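Heads up, protein-v8.json below (JSON, C-alpha atoms):
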[["chain", "number", "residue", "atom", "x", "y", "z"],
["P", 11, "MET", "CA", -203.83, 2.54, 99.87],
["P", 12, "SER", "CA", -202.56, 5.49, 101.85],
["P", 13, "PHE", "CA", -199.19, 5.39, 103.54],
["P", 14, "ASN", "CA", -199.28, 4.86, 107.28],
["P", 15, "ILE", "CA", -195.99, 4.52, 109.12],
["P", 16, "GLU", "CA", -197.66, 3.31, 112.32],
["P", 17, "GLU", "CA", -199.30, 0.45, 110.42],
["P", 18, "LEU", "CA", -195.99, -0.58, 108.89],
["P", 19, "PHE", "CA", -194.25, -0.43, 112.25],
["P", 20, "LYS", "CA", -197.01, -2.57, 113.76],
["P", 21, "GLU", "CA", -196.67, -5.12, 110.98],
["P", 22, "MET", "CA", -192.97, -5.43, 111.78],
["P", 23, "LYS", "CA", -193.56, -6.15, 115.45],
["P", 24, "THR", "CA", -194.52, -9.78, 115.14],
["P", 25, "GLY", "CA", -193.46, -12.52, 117.51],
["P", 26, "GLU", "CA", -191.83, -11.84, 120.86],
["P", 27, "VAL", "CA", -190.36, -8.35, 120.46],
["P", 28, "LEU", "CA", -186.96, -7.91, 122.13],
["P", 29, "LEU", "CA", -186.50, -4.35, 120.97],
["P", 30, "ALA", "CA", -188.42, -1.97, 118.72],
["P", 31, "TYR", "CA", -187.34, 1.53, 117.74],
["P", 32, "LYS", "CA", -188.77, 4.31, 115.61],
["P", 33, "GLY", "CA", -186.92, 7.62, 115.18],
["P", 34, "SER", "CA", -183.57, 9.15, 114.31],
["P", 35, "ILE", "CA", -180.87, 6.67, 113.33],
["P", 36, "THR", "CA", -177.55, 7.91, 114.71],
["P", 37, "ALA", "CA", -174.18, 6.27, 115.33],
["P", 38, "GLU", "CA", -174.63, 6.79, 119.05],
["P", 39, "LEU", "CA", -178.03, 5.08, 119.03],
["P", 40, "ILE", "CA", -176.60, 2.07, 117.19],
["P", 41, "THR", "CA", -173.76, 1.77, 119.72],
["P", 42, "ASN", "CA", -176.25, 1.82, 122.58],
["P", 43, "VAL", "CA", -178.60, -0.66, 120.93],
["P", 44, "LEU", "CA", -175.77, -3.09, 120.22],
["P", 45, "GLY", "CA", -174.74, -2.92, 123.86],
["P", 46, "VAL", "CA", -178.27, -3.51, 125.14],
["P", 47, "VAL", "CA", -179.01, -6.35, 122.73],
["P", 48, "GLU", "CA", -175.72, -8.08, 123.44],
["P", 49, "THR", "CA", -176.51, -8.17, 127.15],
["P", 50, "LYS", "CA", -179.98, -9.47, 126.36],
["P", 51, "LEU", "CA", -178.70, -12.18, 124.02],
["P", 52, "ASN", "CA", -176.24, -13.32, 126.68],
["P", 53, "HIS", "CA", -179.20, -13.97, 128.96],
["P", 54, "VAL", "CA", -181.46, -15.77, 126.49],
["P", 55, "ILE", "CA", -179.05, -17.76, 124.28],
["P", 56, "ASP", "CA", -176.47, -20.28, 125.41],
["P", 57, "LYS", "CA", -174.87, -21.19, 122.12],
["P", 58, "SER", "CA", -172.06, -18.75, 121.44],
["P", 59, "SER", "CA", -172.11, -19.22, 117.65],
["P", 60, "THR", "CA", -175.84, -18.37, 117.44],
["P", 61, "LYS", "CA", -175.31, -15.29, 119.56],
["P", 62, "LYS", "CA", -172.50, -14.18, 117.32],
["P", 63, "LYS", "CA", -174.49, -14.72, 114.17],
["P", 64, "ILE", "CA", -177.37, -12.61, 115.46],
["P", 65, "TYR", "CA", -175.02, -9.91, 116.69],
["P", 66, "ASN", "CA", -173.16, -9.80, 113.37],
["P", 67, "ILE", "CA", -176.38, -9.49, 111.42],
["P", 68, "LEU", "CA", -177.60, -6.79, 113.73],
["P", 69, "VAL", "CA", -174.39, -4.81, 113.20],
["P", 70, "GLU", "CA", -174.66, -5.07, 109.41],
["P", 71, "SER", "CA", -178.40, -4.36, 109.31],
["P", 72, "LEU", "CA", -178.23, -1.32, 111.58],
["P", 73, "GLN", "CA", -175.13, 0.09, 109.90],
["P", 74, "ASN", "CA", -176.77, -0.44, 106.50],
["P", 75, "LEU", "CA", -179.73, 1.48, 107.83],
["P", 76, "TYR", "CA", -177.48, 4.23, 109.19],
["P", 77, "HIS", "CA", -175.70, 4.67, 105.86],
["P", 78, "HIS", "CA", -178.67, 4.45, 103.52],
["P", 79, "VAL", "CA", -181.49, 6.40, 105.11],
["P", 80, "ASP", "CA", -182.80, 9.13, 102.78],
["P", 81, "ASP", "CA", -184.48, 12.10, 104.44],
["P", 82, "LEU", "CA", -187.87, 13.21, 103.19],
["P", 83, "PRO", "CA", -187.79, 16.82, 102.04],
["P", 84, "GLY", "CA", -189.66, 19.47, 103.98],
["P", 85, "THR", "CA", -190.88, 19.54, 107.55],
["P", 86, "THR", "CA", -194.54, 18.67, 107.08],
["P", 87, "ASN", "CA", -194.23, 14.97, 107.86],
["P", 88, "ASN", "CA", -193.65, 15.09, 111.64],
["P", 89, "LEU", "CA", -190.83, 12.56, 111.40],
["P", 90, "ASP", "CA", -187.44, 12.81, 113.07],
["P", 91, "VAL", "CA", -184.45, 13.56, 110.85],
["P", 92, "HIS", "CA", -182.61, 10.52, 109.54],
["P", 93, "PHE", "CA", -185.74, 8.56, 110.30],
["P", 94, "GLY", "CA", -185.74, 4.80, 110.43],
["P", 95, "ILE", "CA", -187.31, 1.92, 112.27],
["P", 96, "PHE", "CA", -186.06, -1.45, 113.43],
["P", 97, "VAL", "CA", -187.41, -4.41, 115.33],
["P", 98, "ILE", "CA", -185.57, -7.36, 116.83],
["P", 99, "SER", "CA", -187.87, -10.25, 117.67],
["P", 100, "LYS", "CA", -188.03, -13.93, 118.37],
["P", 101, "ASP", "CA", -190.44, -16.15, 116.51],
["P", 102, "GLY", "CA", -190.42, -19.75, 117.71],
["P", 103, "GLU", "CA", -186.85, -20.96, 117.33],
["P", 104, "SER", "CA", -185.74, -18.22, 114.98],
["P", 105, "TYR", "CA", -184.79, -14.60, 115.44],
["P", 106, "ASN", "CA", -185.76, -11.73, 113.16],
["P", 107, "VAL", "CA", -184.08, -8.44, 112.48],
["P", 108, "ARG", "CA", -186.27, -6.01, 110.54],
["P", 109, "THR", "CA", -185.36, -2.52, 109.41],
["P", 110, "GLY", "CA", -187.24, 0.17, 107.54],
["P", 111, "ASN", "CA", -186.27, 3.49, 105.98],
["P", 112, "PHE", "CA", -187.26, 5.97, 103.30],
["P", 113, "ILE", "CA", -185.38, 5.92, 100.05],
["P", 114, "SER", "CA", -185.63, 7.92, 96.90],
["P", 115, "THR", "CA", -187.86, 6.00, 94.48],
["P", 116, "ASN", "CA", -185.29, 6.17, 91.71],
["P", 117, "LYS", "CA", -183.12, 3.76, 93.74],
["P", 118, "VAL", "CA", -185.84, 1.14, 94.07],
["P", 119, "LYS", "CA", -185.31, -0.69, 90.79],
["P", 120, "LYS", "CA", -181.57, -1.16, 91.34],
["P", 121, "LEU", "CA", -182.05, -2.26, 94.93],
["P", 122, "LYS", "CA", -184.69, -4.81, 93.92],
["P", 123, "GLU", "CA", -182.39, -6.25, 91.28],
["P", 124, "ARG", "CA", -179.54, -6.50, 93.78],
["P", 125, "PHE", "CA", -181.71, -8.31, 96.32],
["P", 126, "ASP", "CA", -183.18, -10.70, 93.76],
["P", 127, "LYS", "CA", -179.73, -11.53, 92.43],
["P", 128, "ILE", "CA", -178.28, -12.16, 95.89],
["P", 129, "LYS", "CA", -181.27, -14.26, 96.88],
["P", 130, "SER", "CA", -180.88, -16.42, 93.78],
["P", 131, "LEU", "CA", -177.26, -17.36, 94.53],
["P", 132, "SER", "CA", -176.09, -20.58, 96.14],
["P", 133, "ARG", "CA", -173.85, -20.60, 99.21],
["P", 134, "ASP", "CA", -170.74, -21.09, 97.08],
["P", 135, "GLU", "CA", -171.77, -18.40, 94.63],
["P", 136, "LEU", "CA", -172.31, -15.97, 97.52],
["P", 137, "LYS", "CA", -168.84, -16.79, 98.82],
["P", 138, "GLU", "CA", -167.30, -16.08, 95.42],
["P", 139, "LEU", "CA", -169.28, -12.84, 95.03],
["P", 140, "TYR", "CA", -168.23, -11.73, 98.52],
["P", 141, "LYS", "CA", -164.57, -12.34, 97.72],
["P", 142, "PHE", "CA", -164.86, -10.63, 94.36],
["P", 143, "VAL", "CA", -166.46, -7.48, 95.80],
["P", 144, "LEU", "CA", -164.01, -7.47, 98.72],
["P", 145, "ASN", "CA", -161.01, -7.67, 96.43],
["P", 146, "ASN", "CA", -162.13, -5.59, 93.47],
["P", 147, "GLN", "CA", -164.62, -2.94, 94.40],
["P", 148, "MET", "CA", -163.75, 0.52, 95.64],
["P", 149, "PHE", "CA", -165.01, 1.22, 99.11],
["P", 150, "SER", "CA", -166.27, 4.52, 100.44],
["P", 151, "ASP", "CA", -167.08, 5.81, 103.91],
["P", 152, "LYS", "CA", -170.60, 4.58, 103.24],
["P", 153, "GLY", "CA", -169.46, 0.99, 103.01],
["P", 154, "GLY", "CA", -168.46, -1.47, 100.41],
["P", 155, "GLY", "CA", -170.48, -1.96, 97.30],
["P", 156, "GLY", "CA", -173.25, -3.92, 98.94],
["P", 157, "LEU", "CA", -170.91, -6.19, 100.83],
["P", 158, "GLY", "CA", -173.14, -5.90, 103.90],
["P", 159, "LEU", "CA", -176.09, -7.46, 102.12],
["P", 160, "ILE", "CA", -173.96, -10.26, 100.68],
["P", 161, "ASP", "CA", -172.57, -10.91, 104.16],
["P", 162, "ILE", "CA", -176.07, -11.11, 105.66],
["P", 163, "ALA", "CA", -177.22, -13.49, 102.92],
["P", 164, "ARG", "CA", -174.17, -15.70, 103.48],
["P", 165, "ARG", "CA", -174.65, -15.94, 107.20],
["P", 166, "THR", "CA", -178.35, -16.77, 106.89],
["P", 167, "ASP", "CA", -178.31, -18.89, 103.72],
["P", 168, "GLY", "CA", -180.40, -16.30, 101.92],
["P", 169, "GLN", "CA", -183.05, -15.82, 104.61],
["P", 170, "VAL", "CA", -183.45, -12.17, 103.76],
["P", 171, "ASP", "CA", -186.58, -10.54, 102.38],
["P", 172, "TYR", "CA", -187.56, -7.07, 101.37],
["P", 173, "ASN", "CA", -190.49, -4.97, 100.31],
["P", 174, "PHE", "CA", -191.29, -1.44, 99.22],
["P", 175, "ASN", "CA", -194.26, 0.80, 99.99],
["P", 176, "THR", "CA", -194.92, 3.91, 97.95],
["P", 177, "TYR", "CA", -194.84, 7.09, 100.04],
["P", 178, "ASP", "CA", -195.30, 9.68, 97.31],
["P", 179, "ALA", "CA", -194.14, 10.27, 93.74],
["P", 180, "ASP", "CA", -190.50, 10.61, 94.80],
["P", 181, "TYR", "CA", -190.07, 8.45, 97.90],
["P", 182, "SER", "CA", -190.65, 4.87, 98.94],
["P", 183, "PHE", "CA", -190.39, 3.08, 102.25],
["P", 184, "PHE", "CA", -187.99, 0.16, 102.12],
["P", 185, "ARG", "CA", -188.20, -2.70, 104.58],
["P", 186, "MET", "CA", -185.77, -5.56, 105.04],
["P", 187, "SER", "CA", -186.34, -8.66, 107.14],
["P", 188, "VAL", "CA", -183.61, -11.13, 108.07],
["P", 189, "THR", "CA", -184.34, -14.48, 109.67],
["P", 190, "ILE", "CA", -181.67, -16.20, 111.73],
["L", 5, "MET", "CA", -139.21, 3.28, 113.82],
["L", 6, "ASP", "CA", -141.95, 3.83, 116.37],
["L", 7, "SER", "CA", -144.23, 1.14, 117.58],
["L", 8, "ILE", "CA", -147.98, 1.66, 117.67],
["L", 9, "SER", "CA", -150.24, 0.59, 120.46],
["L", 10, "ILE", "CA", -153.98, 1.32, 120.34],
["L", 11, "GLU", "CA", -156.32, 0.50, 123.18],
["L", 12, "GLY", "CA", -159.49, -1.37, 122.21],
["L", 13, "THR", "CA", -163.01, 0.04, 122.52],
["L", 14, "PRO", "CA", -166.43, -1.65, 122.17],
["L", 15, "LYS", "CA", -166.26, -0.85, 118.43],
["L", 16, "THR", "CA", -162.55, -0.96, 117.62],
["L", 17, "PRO", "CA", -159.82, -3.53, 118.27],
["L", 18, "THR", "CA", -156.68, -3.47, 120.38],
["L", 19, "VAL", "CA", -153.77, -3.01, 118.03],
["L", 20, "SER", "CA", -150.09, -3.51, 118.68],
["L", 21, "LEU", "CA", -147.48, -3.00, 115.98],
["L", 22, "ASP", "CA", -143.90, -3.57, 117.09],
["L", 23, "ALA", "CA", -141.13, -2.95, 114.59],
["L", 24, "GLY", "CA", -138.47, -4.25, 117.02],
["L", 25, "THR", "CA", -139.97, -7.70, 117.40],
["L", 26, "GLY", "CA", -141.84, -7.85, 114.09],
["L", 27, "ILE", "CA", -145.05, -8.73, 115.89],
["L", 28, "VAL", "CA", -148.33, -7.34, 114.58],
["L", 29, "GLU", "CA", -151.49, -7.91, 116.61],
["L", 30, "ILE", "CA", -155.13, -7.00, 116.06],
["L", 31, "LYS", "CA", -157.52, -8.28, 118.69],
["L", 32, "GLY", "CA", -161.10, -7.74, 119.79],
["L", 33, "ARG", "CA", -163.92, -6.16, 117.82],
["L", 34, "SER", "CA", -163.83, -4.16, 114.67],
["L", 35, "ILE", "CA", -167.28, -2.76, 114.00],
["L", 36, "PRO", "CA", -166.96, 1.02, 113.53],
["L", 37, "GLU", "CA", -169.38, 2.74, 111.11],
["L", 38, "ASN", "CA", -166.41, 4.10, 109.19],
["L", 39, "SER", "CA", -163.35, 1.89, 109.33],
["L", 40, "ILE", "CA", -161.12, 3.70, 106.87],
["L", 41, "GLU", "CA", -160.08, 6.35, 109.42],
["L", 42, "PHE", "CA", -159.31, 3.75, 112.07],
["L", 43, "TYR", "CA", -157.15, 1.58, 109.82],
["L", 44, "ARG", "CA", -155.29, 4.36, 108.03],
["L", 45, "PRO", "CA", -152.43, 4.67, 110.58],
["L", 46, "ILE", "CA", -152.09, 0.88, 110.70],
["L", 47, "VAL", "CA", -151.77, 0.54, 106.93],
["L", 48, "GLU", "CA", -149.35, 3.49, 106.86],
["L", 49, "TRP", "CA", -147.23, 1.94, 109.61],
["L", 50, "LEU", "CA", -147.03, -1.33, 107.67],
["L", 51, "GLU", "CA", -146.04, 0.61, 104.56],
["L", 52, "ASP", "CA", -143.11, 2.13, 106.50],
["L", 53, "TYR", "CA", -142.25, -1.14, 108.20],
["L", 54, "SER", "CA", -142.14, -2.95, 104.87],
["L", 55, "LYS", "CA", -139.13, -0.85, 103.84],
["L", 56, "ASP", "CA", -136.98, -2.49, 106.51],
["L", 57, "PRO", "CA", -138.88, -5.39, 108.07],
["L", 58, "GLN", "CA", -137.66, -8.06, 110.49],
["L", 59, "LYS", "CA", -136.64, -11.35, 108.90],
["L", 60, "LEU", "CA", -139.70, -12.86, 110.50],
["L", 61, "THR", "CA", -142.97, -10.96, 110.92],
["L", 62, "THR", "CA", -145.55, -12.67, 113.10],
["L", 63, "VAL", "CA", -149.16, -11.56, 112.72],
["L", 64, "ASN", "CA", -151.82, -12.46, 115.26],
["L", 65, "ILE", "CA", -155.40, -11.70, 114.26],
["L", 66, "GLN", "CA", -157.89, -12.54, 116.95],
["L", 67, "LEU", "CA", -161.21, -10.92, 116.19],
["L", 68, "GLU", "CA", -164.45, -11.64, 117.92],
["L", 69, "TYR", "CA", -166.49, -9.60, 115.44],
["L", 70, "PHE", "CA", -165.75, -7.53, 112.39],
["L", 71, "ASN", "CA", -168.16, -5.73, 110.09],
["L", 72, "THR", "CA", -168.01, -5.46, 106.31],
["L", 73, "SER", "CA", -166.78, -1.89, 106.63],
["L", 74, "SER", "CA", -163.67, -3.31, 108.37],
["L", 75, "SER", "CA", -163.28, -6.26, 106.04],
["L", 76, "LYS", "CA", -161.78, -4.21, 103.22],
["L", 77, "CYS", "CA", -159.39, -2.46, 105.60],
["L", 78, "ILE", "CA", -158.27, -5.81, 107.01],
["L", 79, "LEU", "CA", -157.60, -6.94, 103.44],
["L", 80, "ASP", "CA", -155.47, -3.81, 102.97],
["L", 81, "VAL", "CA", -153.46, -4.88, 106.04],
["L", 82, "PHE", "CA", -152.95, -8.35, 104.54],
["L", 83, "LYS", "CA", -151.93, -6.87, 101.17],
["L", 84, "LYS", "CA", -149.15, -4.94, 102.89],
["L", 85, "LEU", "CA", -148.02, -8.17, 104.56],
["L", 86, "GLU", "CA", -148.13, -9.93, 101.21],
["L", 87, "GLY", "CA", -145.73, -7.26, 99.90],
["L", 88, "ILE", "CA", -143.32, -7.97, 102.79],
["L", 89, "LYS", "CA", -143.44, -11.67, 102.00],
["L", 90, "LYS", "CA", -142.89, -11.05, 98.28],
["L", 91, "ALA", "CA", -139.69, -9.20, 99.18],
["L", 92, "ARG", "CA", -138.44, -12.53, 100.53],
["L", 93, "ASN", "CA", -139.11, -12.08, 104.20],
["L", 94, "GLU", "CA", -140.88, -14.60, 106.33],
["L", 95, "VAL", "CA", -144.44, -13.73, 107.34],
["L", 96, "VAL", "CA", -146.52, -15.97, 109.59],
["L", 97, "ILE", "CA", -150.21, -15.21, 109.96],
["L", 98, "ASN", "CA", -152.08, -16.74, 112.88],
["L", 99, "TRP", "CA", -155.85, -16.47, 112.49],
["L", 100, "TYR", "CA", -157.61, -17.16, 115.78],
["L", 101, "TYR", "CA", -161.27, -18.11, 115.97],
["L", 102, "GLU", "CA", -163.44, -19.29, 118.80],
["L", 103, "GLU", "CA", -164.63, -22.85, 118.98],
["L", 104, "ASP", "CA", -167.75, -23.37, 116.81],
["L", 105, "ASP", "CA", -167.42, -19.96, 115.16],
["L", 106, "GLU", "CA", -167.48, -21.32, 111.63],
["L", 107, "ASP", "CA", -168.25, -17.91, 110.14],
["L", 108, "MET", "CA", -164.98, -16.55, 111.55],
["L", 109, "LEU", "CA", -163.01, -19.58, 110.34],
["L", 110, "GLU", "CA", -164.52, -19.15, 106.89],
["L", 111, "ALA", "CA", -163.67, -15.43, 106.94],
["L", 112, "GLY", "CA", -160.04, -16.41, 107.54],
["L", 113, "GLU", "CA", -160.15, -18.88, 104.67],
["L", 114, "ASP", "CA", -161.59, -16.18, 102.40],
["L", 115, "TYR", "CA", -158.62, -13.91, 103.14],
["L", 116, "GLU", "CA", -156.17, -16.75, 102.77],
["L", 117, "SER", "CA", -157.50, -17.49, 99.29],
["L", 118, "ILE", "CA", -157.15, -13.85, 98.21],
["L", 119, "ILE", "CA", -153.62, -13.19, 99.46],
["L", 120, "ARG", "CA", -150.77, -15.57, 98.85],
["L", 121, "ILE", "CA", -149.71, -16.34, 102.40],
["L", 122, "PRO", "CA", -150.86, -19.51, 104.14],
["L", 123, "PHE", "CA", -152.74, -18.89, 107.39],
["L", 124, "LYS", "CA", -152.40, -20.89, 110.57],
["L", 125, "MET", "CA", -155.96, -21.41, 111.74],
["L", 126, "ILE", "CA", -156.01, -21.59, 115.52],
["L", 127, "GLU", "CA", -159.15, -22.63, 117.35],
["L", 128, "ILE", "CA", -159.61, -21.15, 120.80],
["L", 129, "VAL", "CA", -161.25, -23.67, 123.08],
["L", 130, "ASP", "CA", -162.88, -22.42, 126.28]]
Once more with this new file: its structure as structure tokens, please.
Amino acid sequence: MSFNIEELFKEMKTGEVLLAYKGSITAELITNVLGVVETKLNHVIDKSSTKKKIYNILVESLQNLYHHVDDLPGTTNNLDVHFGIFVISKDGESYNVRTGNFISTNKVKKLKERFDKIKSLSRDELKELYKFVLNNQMFSDKGGGGLGLIDIARRTDGQVDYNFNTYDADYSFFRMSVTI
Amino acid sequence: MDSISIEGTPKTPTVSLDAGTGIVEIKGRSIPENSIEFYRPIVEWLEDYSKDPQKLTTVNIQLEYFNTSSSKCILDVFKKLEGIKKARNEVVINWYYEEDDEDMLEAGEDYESIIRIPFKMIEIVD
């Protein structure tokens, strides 16, 4: 099957879409999106703890995206630099945050293993892993040893899914979907 | 020693570090993409302060949101406070969380279990 970014984007826009974006992922964009979504959430949700959970997950998901986007080499692909997509939607009673970005295919195996491990852990095990990584792992400007993903899994009781689409021999498109 | 006062922004908290009163406050949101730069002067101030602290240091942490990039930096702040306490000074940590925000309460409990200072968990009721 050939790779079609429009098709993938369309697939991500299920339910009642609150916000959908495709293009350059910059710090400024994330700041603006967080502001817009917060205002929107204040209008549609009464319960403060639900609002906070969604907002927190949005922060982690978008900042994960910001830090981990890989750029495709060359200029033949017509895509913006630091390209990524994200969709925030409502599906029945739940909310979804979906992100997508290119990554170098040699990172896929490790990322899959990390996701599968985190998804297999119980609530208490996630708590212990979170504390272990927080207290023992070195952090860089890019973040903290996958702490973002552990945090998302904790807040949603593991309601986080992923998939990969092959782009070419060297790159894959990674998508993450979090249900709140 | 100088006090530090940092005005909050939509992504960074209001910070007030007062060596004269021994009151340390971090309030608001802490969600910058890169937190290390923001927290560096705070951790450095605490390092200096720990050389000659007040008998009682009172710490008020009242965060609405913080991201995982900040979480390590906040732990670094607590580790400095743990050092002050180990040198036989009194340190009181007040961890504020909003009513029903169980994630924030749990975050406080996580820190409390890592550092050896008991937290006072204070629920803010609207």
Output the contact residues of chain P with respect to chain L at a cut-off of 10 Å, based on only C-alpha atoms, as number ranges by chain. P: 37, 40-41, 44-45, 57-60, 62-63, 65-67, 69-70, 72-74, 76-77, 137-138, 140-162, 164-165
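One distance worth recording is that between CA of His92 in chain P and CA of Asp178 in chain P, which is 17.6 Å.
Minimum distance to Val107 in chain P across P:Leu51, P:Leu139, P:Ala179, P:Ala30 (counting all atoms listed in the file) occurs at P:Ala30.
The two atoms in question, CA of Phe112 in chain P and CA of Gly168 in chain P, are spaced 23.3 Å apart.
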Neighbouring residues of Ser7 in chain L were defined as those with any atom within 12 Å, considering only C-alpha atoms; residues of the same chain fewer than 2 positions away were excluded. Please report them as JSON, numbers by chain. {"L": [5, 9, 10, 19, 20, 21, 22, 23, 24, 25, 26, 27, 28, 29, 45, 46, 49, 50, 52, 53]}
Keeping only C-alpha atoms, write the selected residues as a PDB file, in the frame of the given file.
ATOM      1  CA  MET L   5    -139.210   3.280 113.820  1.00  0.00           C
ATOM      2  CA  SER L   9    -150.240   0.590 120.460  1.00  0.00           C
ATOM      3  CA  ILE L  10    -153.980   1.320 120.340  1.00  0.00           C
ATOM      4  CA  VAL L  19    -153.770  -3.010 118.030  1.00  0.00           C
ATOM      5  CA  SER L  20    -150.090  -3.510 118.680  1.00  0.00           C
ATOM      6  CA  LEU L  21    -147.480  -3.000 115.980  1.00  0.00           C
ATOM      7  CA  ASP L  22    -143.900  -3.570 117.090  1.00  0.00           C
ATOM      8  CA  ALA L  23    -141.130  -2.950 114.590  1.00  0.00           C
ATOM      9  CA  GLY L  24    -138.470  -4.250 117.020  1.00  0.00           C
ATOM     10  CA  THR L  25    -139.970  -7.700 117.400  1.00  0.00           C
ATOM     11  CA  GLY L  26    -141.840  -7.850 114.090  1.00  0.00           C
ATOM     12  CA  ILE L  27    -145.050  -8.730 115.890  1.00  0.00           C
ATOM     13  CA  VAL L  28    -148.330  -7.340 114.580  1.00  0.00           C
ATOM     14  CA  GLU L  29    -151.490  -7.910 116.610  1.00  0.00           C
ATOM     15  CA  PRO L  45    -152.430   4.670 110.580  1.00  0.00           C
ATOM     16  CA  ILE L  46    -152.090   0.880 110.700  1.00  0.00           C
ATOM     17  CA  TRP L  49    -147.230   1.940 109.610  1.00  0.00           C
ATOM     18  CA  LEU L  50    -147.030  -1.330 107.670  1.00  0.00           C
ATOM     19  CA  ASP L  52    -143.110   2.130 106.500  1.00  0.00           C
ATOM     20  CA  TYR L  53    -142.250  -1.140 108.200  1.00  0.00           C
TER      21      TYR L  53
END
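If you measure from each of L:Lys31, L:Lys59, L:Lys83, L:Arg44 to Trp99 in chain L using all atoms listed in the file, the closest one turns out to be L:Lys31.
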Residues near Gly25 in chain P, cut-off 8 Å, only C-alpha atoms, skip fewer than 2 positions along chain, as a short mmCIF file (atom, residue, chain, number, x, y, z; two decimals) with C-alpha atoms, keeping the file's coordinate frame:
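Printed below is around_33.cif as written:
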data_model
loop_
_atom_site.label_atom_id
_atom_site.label_comp_id
_atom_site.auth_asym_id
_atom_site.auth_seq_id
_atom_site.Cartn_x
_atom_site.Cartn_y
_atom_site.Cartn_z
CA LYS P 23 -193.56 -6.15 115.45
CA VAL P 27 -190.36 -8.35 120.46
CA SER P 99 -187.87 -10.25 117.67
CA LYS P 100 -188.03 -13.93 118.37
CA ASP P 101 -190.44 -16.15 116.51
CA GLY P 102 -190.42 -19.75 117.71
#
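The protein and nucleic acid residues lying at most 8 Å from Asn106 in chain P are Val97, Ile98, Ser99, Lys100, Ser187, Val188, Thr189 and Ile190 of chain P, with all atoms listed in the file considered and sequence neighbours fewer than 6 positions away removed.
Of note, CA of Val43 in chain P and CA of Met22 in chain P are spaced 17.7 Å apart.
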Of the candidates P:Glu38, P:Glu17, P:Glu26, P:Asp81, which one gets nearest to Asp180 in chain P if we count only C-alpha atoms? P:Asp81
